[in-house]
Amino acid sequence: MKKEIFKLDVGGRELKVEISNLAEQASGSVLVQYGETTVLATAVMSDREKEDAGFFPLTVDYEERYYAAGKILGSRYMRRESRPSDEAILTSRFIDRAIRPRFPKNLKREVQVVVTCLSWDGENDPDVIGLIAASLALSISNIPWTGPIACVRIGKAEEGKFVLDPTYAEREKNILDLALAGIKPEKELLINMIETEGNEIEESLILDAFDFAKPFMEKIIDFQKEISKKAGKEKTVIDEPARDMELEREIKDFLGSKLEDTLYQKNKAERMDEVNQLKDELAYFIEGKYPGTGKQIYVKDFFEEEINRLVHEKAISQEKRPDGRKIDEIRPIECEVGLLPRTHGSGLFVRGQTKALSILTLGAPGDVRLLEGMETSGKKRFMHHYNFPPYSSGEIKPMRGPGRREIGHGMLAEKALFPLIPSFNDFPYTIRIVTEILSSNGSTSMASASSSSLALMDAGVPIKRPCTGIALGLIKDDKGNHKILTDIQGPEDHHGDMDFKVAGTEKGITAIQMDVKIEGVGREILKEALERGKKARLQILGEITKVIQKPREALSLHAPRILILQINPNKIREVIGPGGKIINAIIEECGVSIDIEDSGRIFVTAEKEEAAKKAVEWIKNITREAKAGEIFQGRVTRILNFGAFVEIFPGQEGLVHISQLAPYHVDKVEDIVKIGDIIPVKVISIDEQGRINLSLKEAKQQS
């Protein structure tokens with residue numbers, strides 16, 4: 001099999017690219033290896049246009065394969081991969097957000113990019129490698145696409161230096177985990193996608209990380225360009241649709257100032273409804289004038305172009321926004337906590353028409369989510385889930401499980417909140433937050449972070465500080481003029497050039513997610529967006545703290561109570577009992593859940609504290625270790641020729657030797673005690689094997 005191999009040193013590790021005919025029927029395919037993590041990326045374009053495509057029909061799929069990690073996972077009845085994990089969906093979105101803006105706007109053919117992880121070394125994350133592989137597959141294919149795109153991950157520990165593409169172990173210690181994707185159309189490197197997790201980091205650290213990443217990204221871009229020159233196919237030419245100048249003139253005459261008057265209505269909730277009504281009127285007018293010609297399809301695209309033109313011109317020349325706000329003005333904010341009587345915590349955050357209701361539930365340590373995937377295994381004790389029901393946008397749709405958007409938005413808010421969650425040792429509860437988007441008009445994910453902070457404090461979870469977030473937009477013209485808009489909504493979101501979401505606390509940033517519709521943004525715009533985001537974040541936090549300043553001192557009356565006790569690890573099996581008999585009896589009789597660590601730490605969770613206390617006392621009696629000199633009332637359980645066994649704790653026995661039954665010679669044990677008798681016994685010694693020696697005669701002498 002013919003192969004072409006290309007190699008590049010990136011941060012002391014080899015990036016290896018192999019181009020062959022492995023997937024020869026794909027439009028473009030490439031095998032990329034970094035360390036021992038290897039991915040196959042393929043790109044395929046349909047040979048015909050998709051009719052009535054309202055948007056570019058791109059599908060990006062990242063496929064995990066358990067064999068890549070040497071694992072056999074899944075149900076015992078179906079040992080194979082099924083639906084994508086949340087982690088795989090997030091990686092798909094990660095790749096999609098970077099490559100999507102680089103396709104021609106007039107491309108109506110379906111394109112599918114599939115990235116499959118074939119080998120995973122446990123050190124190098126396939127997401128960054130997968131994006132580079134997707135960029136290469138598209139670059140060498142016949143698919144119209146203006147790449148290549150470079151991607152790197154930058155990490156930094158508390159006192160350390162920046163690290164390029166840190167390993168998983170290094171990332172666990174980092175205060176910054178930043179993934180950057182970008183292009184280099186001319187001299188300046190432009191960023192077109194950001195994904196960041198931070199432990200309340202300063203804005204300047206993001207800029208420093210960008211400066212650190214820049215030479216590596218440029219090197220990867222040049223490497224891909226070299227490969228494309230040697231192995232790339234000729235690109236398919238997509239004809240530009242002919243412009244109907246006469247029709248455009250008629251549309252403009254019909255619209256006059258109607259579109260601007262309708263679009264720029266201050267505090268008008270029905271703004272977009274009236275814009276859509278105007279579009280329908282225009283289509284009806286054109287269809288009546290040119291019946292059966294299909295020109296109303298042209299009307300739809302041109303109408304959207306006119307909105308786009310207006311939004312850009314007004315923002316740049318007049319700093320005018322559709323709803324009349326200043327470019328750095330945030331919509332009115334309302335906050336409320338404790339809305340629901342039986343939940344453990346709840347918070348409502350309102351920003352303009354965007355309304356997010358978060359409900360928090362506290363669970364036992366055993367309620368954690370078990371992670372079992374190609375890259376991940378373990379337990380997850382903090383979860384944020386996001387629901388976007390159709391009524392939130394005034395639509396009617398089937399109610400199914402969470403889609404990619406819901407998973408992505410939920411995880412963004414989760415990342416923003418995670419650095420603030422108390423450790424398990426300080427707060428041993430499993431925490432789940434569900435955010436219901438009740439009304440949507442701009443940045444529901446950032447509203448979710450805000451409402452979740454309210455719910456956490458309402459529940460009494462001892463978070464460090466409240467968190468909030470804001471979405472910023474960009475309007476940029478062909479001359480390089482630009483305006484950054486704070487708190488984007490409606491037409492600004494749809495027709496703007498950037499969606500920059502930044503979340504954090506008064507101390508610093510905890511999460512960033514950015515994507516663009518243009519080539520990308522440079523350092524100047526990135527700096528301005530970070531500064532504007534900080535200003536907005538502090539303003540919103542001021543509104544949140546007016547309602548609740550810190551977590552409540554006590555948990556909700558309806559929240560479960562967790563009691564913790566430490567036992568000798570050697571006693572664990574005594575608590576569990578044969579076949580789980582003892583622990584199941586405790587759980588059933590007390591109405592509790594019990595979680596036991598190998599260290600001997602036991603967590604007893606119950607709805608009522610009294611039930612937990614009852615179970616704790618039961619466990620203490622089982623695991624209590626007798627000391628020499630203590631006297632107990634014990635029950636005789638067995639009689640042998642040389643003595644009697646007496647149970648002093650549940651499941652714990654000691655031996656009363658025949659010589660210790662009475663202060664005189666005893667011929668038969670049965671002359672003194674019988675099975676079932678309750679007798680006083682004194683612990684006289686405990687041998688090295690933990691066997692307890694008891695005395696009846698000494699106990700009676702002391703009584």
# chains A, B, ... in the order shown; residues from 1 in each chain; ligands from 1
call {"tool": "residues_around", "arguments": {"residues": "range 388-392 of chain A", "least_positions_apart": "4", "cutoff": "7 Å", "atoms": "only C-alpha atoms", "output": "MDAnalysis selection string"}}
result
chainID A and resid 396:397 406 436:440
call {"tool": "residues_around", "arguments": {"residues": "range 14-27 of chain A", "least_positions_apart": "3", "cutoff": "8 Å", "atoms": "only C-alpha atoms", "output": "ChimeraX atom specification"}}
result
/A:1-10,30-35,42-45,141-143,231
call {"tool": "select_by_dssp", "arguments": {"residues": "range 138-356 of chain A", "states": "alpha helix (DSSP H)", "output": "number ranges by chain"}}
result
A: 138-140, 168-172, 203-231, 245-255, 258-263, 271-289, 295-318
call {"tool": "residues_around", "arguments": {"residues": "Leu247 in chain A", "least_positions_apart": "4", "cutoff": "9 Å", "atoms": "only C-alpha atoms", "output": "list in words"}}
result
Arg243, Ile251, Lys252, Ile286, Lys295, Tyr298 and Val299 of chain A
call {"tool": "residues_around", "arguments": {"residues": "range 503-513 of chain A", "least_positions_apart": "6", "cutoff": "10 Å", "atoms": "only C-alpha atoms", "output": "PyMOL selection string"}}
result
chain A and resi 94+175-179+193-203+205-206+412-420+445-447+449-450+464-471+530+533-535+537-539+541-542
call {"tool": "write_last_selection", "arguments": {"atoms": "C-alpha atoms", "output": "CSV table (one decimal), in the first residue's frame"}}
result
chain,number,residue,atom,x,y,z
A,94,PHE,CA,-15.0,21.0,19.5
A,175,ILE,CA,-4.9,26.2,37.0
A,176,LEU,CA,-5.4,26.8,33.3
A,177,ASP,CA,-6.4,24.4,30.5
A,178,LEU,CA,-6.7,26.3,27.3
A,179,ALA,CA,-7.4,24.9,23.8
A,193,MET,CA,-12.0,28.9,18.5
A,194,ILE,CA,-11.3,28.8,22.2
A,195,GLU,CA,-12.2,26.3,24.9
A,196,THR,CA,-10.9,27.2,28.4
A,197,GLU,CA,-11.1,25.9,31.9
A,198,GLY,CA,-9.5,28.0,34.6
A,199,ASN,CA,-9.3,28.2,38.4
A,200,GLU,CA,-10.3,31.8,38.8
A,201,ILE,CA,-7.5,33.1,36.5
A,202,GLU,CA,-6.7,36.6,35.5
A,203,GLU,CA,-7.5,37.9,32.0
A,205,LEU,CA,-3.0,34.9,31.7
A,206,ILE,CA,-5.2,34.1,28.7
A,412,LEU,CA,-19.9,24.7,29.6
A,413,ALA,CA,-21.8,25.8,32.7
A,414,GLU,CA,-20.5,22.8,34.6
A,415,LYS,CA,-16.9,23.8,33.8
A,416,ALA,CA,-17.6,27.3,34.9
A,417,LEU,CA,-18.9,26.1,38.3
A,418,PHE,CA,-16.5,23.2,39.0
A,419,PRO,CA,-13.6,25.1,40.5
A,420,LEU,CA,-15.9,26.6,43.1
A,445,SER,CA,-25.5,28.8,28.9
A,446,MET,CA,-24.2,31.8,30.8
A,447,ALA,CA,-27.6,32.3,32.4
A,449,ALA,CA,-24.1,29.3,35.3
A,450,SER,CA,-25.7,32.3,37.1
A,464,LYS,CA,-16.1,29.6,47.4
A,465,ARG,CA,-17.9,32.4,45.6
A,466,PRO,CA,-20.8,32.9,43.2
A,467,CYS,CA,-20.1,32.5,39.5
A,468,THR,CA,-21.7,34.2,36.5
A,469,GLY,CA,-21.1,34.7,32.8
A,470,ILE,CA,-21.8,36.8,29.8
A,471,ALA,CA,-21.9,36.4,26.0
A,530,LEU,CA,-11.7,39.8,28.0
A,533,GLY,CA,-16.3,40.4,29.9
A,534,LYS,CA,-14.8,41.2,33.3
A,535,LYS,CA,-16.7,44.5,33.5
A,537,ARG,CA,-19.2,39.8,35.1
A,538,LEU,CA,-18.7,42.1,38.0
A,539,GLN,CA,-21.8,44.0,37.2
A,541,LEU,CA,-22.4,39.5,40.3
A,542,GLY,CA,-23.4,42.7,42.0
call {"tool": "closest_residue", "arguments": {"among": "A:Arg153, A:Lys214, A:Lys300, A:Lys627", "to": "Asp125 in chain A", "atoms": "only C-alpha atoms"}}
result
A:Arg153
call {"tool": "closest_residue", "arguments": {"among": "A:Ile686, A:Ile227, A:Met383, A:Ile583", "to": "Ile140 in chain A", "atoms": "only C-alpha atoms"}}
result
A:Ile227
call {"tool": "atom_distance", "arguments": {"atom1": "CA of Glu36 in chain A", "atom2": "CA of Glu123 in chain A"}}
result
8.5 Å
